[in-house]
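Data block below; observations after.
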Amino acid sequence: MPNIKPISDLRNYTDVLREVDISKRVYLTRNGHGEYGILTMDEIDELDQYRAACTLFSSLNKAEERAECEGWIDADDLEKELGVFEE
């Protein structure tokens with residue numbers, strides 16, 4: 001069950017923060033409407049990792065679509081383009 005509190009409860013913010021746990025977030029309302037959510041640092045880090053993965057997959061998908069339209073290059077041409085030479 002979500003832990004919903006009015007934003008005015010932040011006057012006693014230490015009590016509110018004690019209730020924040022990875023398994024139960026605290027949601028703050030203003031004038032009866034949801035306004036903010038309090039997350040733990042672990043949850044924020046996890047969300048950042050998901051966001052980074054989503055951005056990476058999106059970029060890879062766009063690159064693959066572009067390669068399908070414009071054509072792929074072979075490994076030798078890539079090495080020349082990057083300046084990498086096998087000895």
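Every chain in the structure tokens has a letter given in the order shown (A, B, ...), and although residue numbers restart at 1 in each chain, ligands are simply numbered from 1 in the order shown.
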
Considering only C-alpha atoms, return as JSON, numbers by chain whatever protein or nucleic-acid residues lie within 12 Å of Leu17 in chain A, sequence-local ones (same chain, fewer than 4 positions apart) excluded. {"A": [3, 5, 9, 10, 11, 12, 13, 21, 22, 24, 25, 26, 27, 28, 37, 38, 39, 40]}

Based on DSSP run over this structure's backbone, return all residues of chain A in strand (DSSP E or B), as an MDAnalysis selection string. chainID A and resid 3:6 21 24 26:30 33:38

List every residue of chain A that DSSP, applied to the backbone, labels as helix (DSSP H, G or I), and write the result as a VMD selection string. chain A and resid 7 to 18 41 to 70 75 to 82

Take the residues just selected and output them with N, CA and C atoms as a compact mmCIF listing (two decimals), in the first residue's frame.
# COMPACT_ATOMS: atom_id res chain seq x y z
N ILE A 7 2.23 17.31 1.93
CA ILE A 7 3.56 17.92 1.93
C ILE A 7 3.83 18.66 3.24
N SER A 8 2.78 19.08 3.91
CA SER A 8 2.95 19.78 5.19
C SER A 8 3.60 18.88 6.24
N ASP A 9 3.54 17.55 6.06
CA ASP A 9 4.20 16.63 7.00
C ASP A 9 5.72 16.78 6.97
N LEU A 10 6.25 17.46 5.95
CA LEU A 10 7.70 17.65 5.90
C LEU A 10 8.22 18.59 6.97
N ARG A 11 7.31 19.23 7.70
CA ARG A 11 7.77 20.02 8.85
C ARG A 11 8.53 19.11 9.82
N ASN A 12 8.10 17.86 9.89
CA ASN A 12 8.79 16.84 10.68
C ASN A 12 9.45 15.86 9.71
N TYR A 13 10.37 16.39 8.89
CA TYR A 13 10.91 15.58 7.80
C TYR A 13 11.67 14.35 8.27
N THR A 14 12.25 14.38 9.46
CA THR A 14 12.96 13.18 9.93
C THR A 14 11.99 12.02 10.12
N ASP A 15 10.79 12.30 10.61
CA ASP A 15 9.79 11.24 10.76
C ASP A 15 9.37 10.69 9.40
N VAL A 16 9.21 11.57 8.43
CA VAL A 16 8.82 11.14 7.09
C VAL A 16 9.93 10.30 6.47
N LEU A 17 11.18 10.76 6.59
CA LEU A 17 12.30 10.04 5.98
C LEU A 17 12.52 8.67 6.61
N ARG A 18 12.18 8.50 7.86
CA ARG A 18 12.30 7.19 8.50
C ARG A 18 11.38 6.16 7.85
N MET A 41 18.46 6.33 -2.24
CA MET A 41 19.55 6.49 -3.19
C MET A 41 19.72 5.22 -4.04
N ASP A 42 19.50 4.05 -3.46
CA ASP A 42 19.58 2.80 -4.22
C ASP A 42 18.57 2.78 -5.37
N GLU A 43 17.36 3.25 -5.08
CA GLU A 43 16.33 3.30 -6.12
C GLU A 43 16.71 4.29 -7.22
N ILE A 44 17.27 5.41 -6.83
CA ILE A 44 17.68 6.42 -7.81
C ILE A 44 18.79 5.86 -8.69
N ASP A 45 19.77 5.19 -8.09
CA ASP A 45 20.85 4.58 -8.86
C ASP A 45 20.30 3.55 -9.85
N GLU A 46 19.36 2.75 -9.39
CA GLU A 46 18.75 1.73 -10.25
C GLU A 46 18.00 2.38 -11.42
N LEU A 47 17.27 3.44 -11.14
CA LEU A 47 16.56 4.16 -12.21
C LEU A 47 17.54 4.76 -13.21
N ASP A 48 18.67 5.29 -12.72
CA ASP A 48 19.69 5.83 -13.61
C ASP A 48 20.26 4.74 -14.51
N GLN A 49 20.47 3.55 -13.96
CA GLN A 49 20.98 2.44 -14.77
C GLN A 49 19.97 2.03 -15.84
N TYR A 50 18.69 1.98 -15.48
CA TYR A 50 17.65 1.65 -16.46
C TYR A 50 17.59 2.72 -17.55
N ARG A 51 17.70 3.97 -17.16
CA ARG A 51 17.65 5.05 -18.14
C ARG A 51 18.84 4.95 -19.10
N ALA A 52 20.04 4.69 -18.57
CA ALA A 52 21.23 4.55 -19.41
C ALA A 52 21.08 3.37 -20.37
N ALA A 53 20.56 2.25 -19.88
CA ALA A 53 20.36 1.07 -20.73
C ALA A 53 19.33 1.38 -21.82
N CYS A 54 18.28 2.05 -21.49
CA CYS A 54 17.24 2.41 -22.46
C CYS A 54 17.82 3.32 -23.53
N THR A 55 18.62 4.30 -23.14
CA THR A 55 19.26 5.20 -24.09
C THR A 55 20.20 4.44 -25.01
N LEU A 56 20.99 3.53 -24.44
CA LEU A 56 21.92 2.73 -25.23
C LEU A 56 21.17 1.88 -26.25
N PHE A 57 20.14 1.16 -25.80
CA PHE A 57 19.38 0.30 -26.72
C PHE A 57 18.70 1.12 -27.81
N SER A 58 18.22 2.29 -27.47
CA SER A 58 17.60 3.16 -28.47
C SER A 58 18.62 3.59 -29.52
N SER A 59 19.81 3.97 -29.08
CA SER A 59 20.87 4.36 -30.01
C SER A 59 21.30 3.20 -30.90
N LEU A 60 21.43 2.03 -30.30
CA LEU A 60 21.80 0.85 -31.08
C LEU A 60 20.73 0.50 -32.11
N ASN A 61 19.48 0.63 -31.73
CA ASN A 61 18.38 0.36 -32.64
C ASN A 61 18.39 1.33 -33.82
N LYS A 62 18.61 2.62 -33.54
CA LYS A 62 18.68 3.61 -34.61
C LYS A 62 19.86 3.33 -35.54
N ALA A 63 20.99 2.95 -34.95
CA ALA A 63 22.17 2.64 -35.76
C ALA A 63 21.92 1.43 -36.65
N GLU A 64 21.26 0.43 -36.11
CA GLU A 64 20.97 -0.77 -36.90
C GLU A 64 20.00 -0.45 -38.04
N GLU A 65 18.99 0.37 -37.77
CA GLU A 65 18.05 0.77 -38.81
C GLU A 65 18.77 1.55 -39.91
N ARG A 66 19.66 2.43 -39.50
CA ARG A 66 20.42 3.22 -40.47
C ARG A 66 21.31 2.31 -41.31
N ALA A 67 21.96 1.35 -40.66
CA ALA A 67 22.83 0.42 -41.38
C ALA A 67 22.03 -0.42 -42.36
N GLU A 68 20.82 -0.81 -41.99
CA GLU A 68 19.98 -1.59 -42.89
C GLU A 68 19.60 -0.76 -44.12
N CYS A 69 19.36 0.52 -43.93
CA CYS A 69 18.99 1.39 -45.05
C CYS A 69 20.19 1.76 -45.92
N GLU A 70 21.30 2.14 -45.27
CA GLU A 70 22.46 2.65 -46.00
C GLU A 70 23.49 1.58 -46.32
N ALA A 75 34.57 -5.53 -41.87
CA ALA A 75 35.53 -5.32 -40.79
C ALA A 75 36.79 -4.62 -41.28
N ASP A 76 37.26 -4.95 -42.47
CA ASP A 76 38.48 -4.32 -43.01
C ASP A 76 38.28 -2.82 -43.21
N ASP A 77 37.12 -2.44 -43.76
CA ASP A 77 36.84 -1.02 -43.95
C ASP A 77 36.71 -0.29 -42.61
N LEU A 78 36.13 -0.95 -41.64
CA LEU A 78 36.00 -0.36 -40.30
C LEU A 78 37.37 -0.12 -39.69
N GLU A 79 38.25 -1.11 -39.80
CA GLU A 79 39.61 -0.96 -39.26
C GLU A 79 40.35 0.19 -39.94
N LYS A 80 40.19 0.32 -41.25
CA LYS A 80 40.81 1.45 -41.97
C LYS A 80 40.25 2.78 -41.47
N GLU A 81 38.92 2.82 -41.31
CA GLU A 81 38.27 4.05 -40.86
C GLU A 81 38.73 4.45 -39.46
N LEU A 82 38.91 3.47 -38.60
CA LEU A 82 39.33 3.73 -37.21
C LEU A 82 40.84 3.86 -37.07
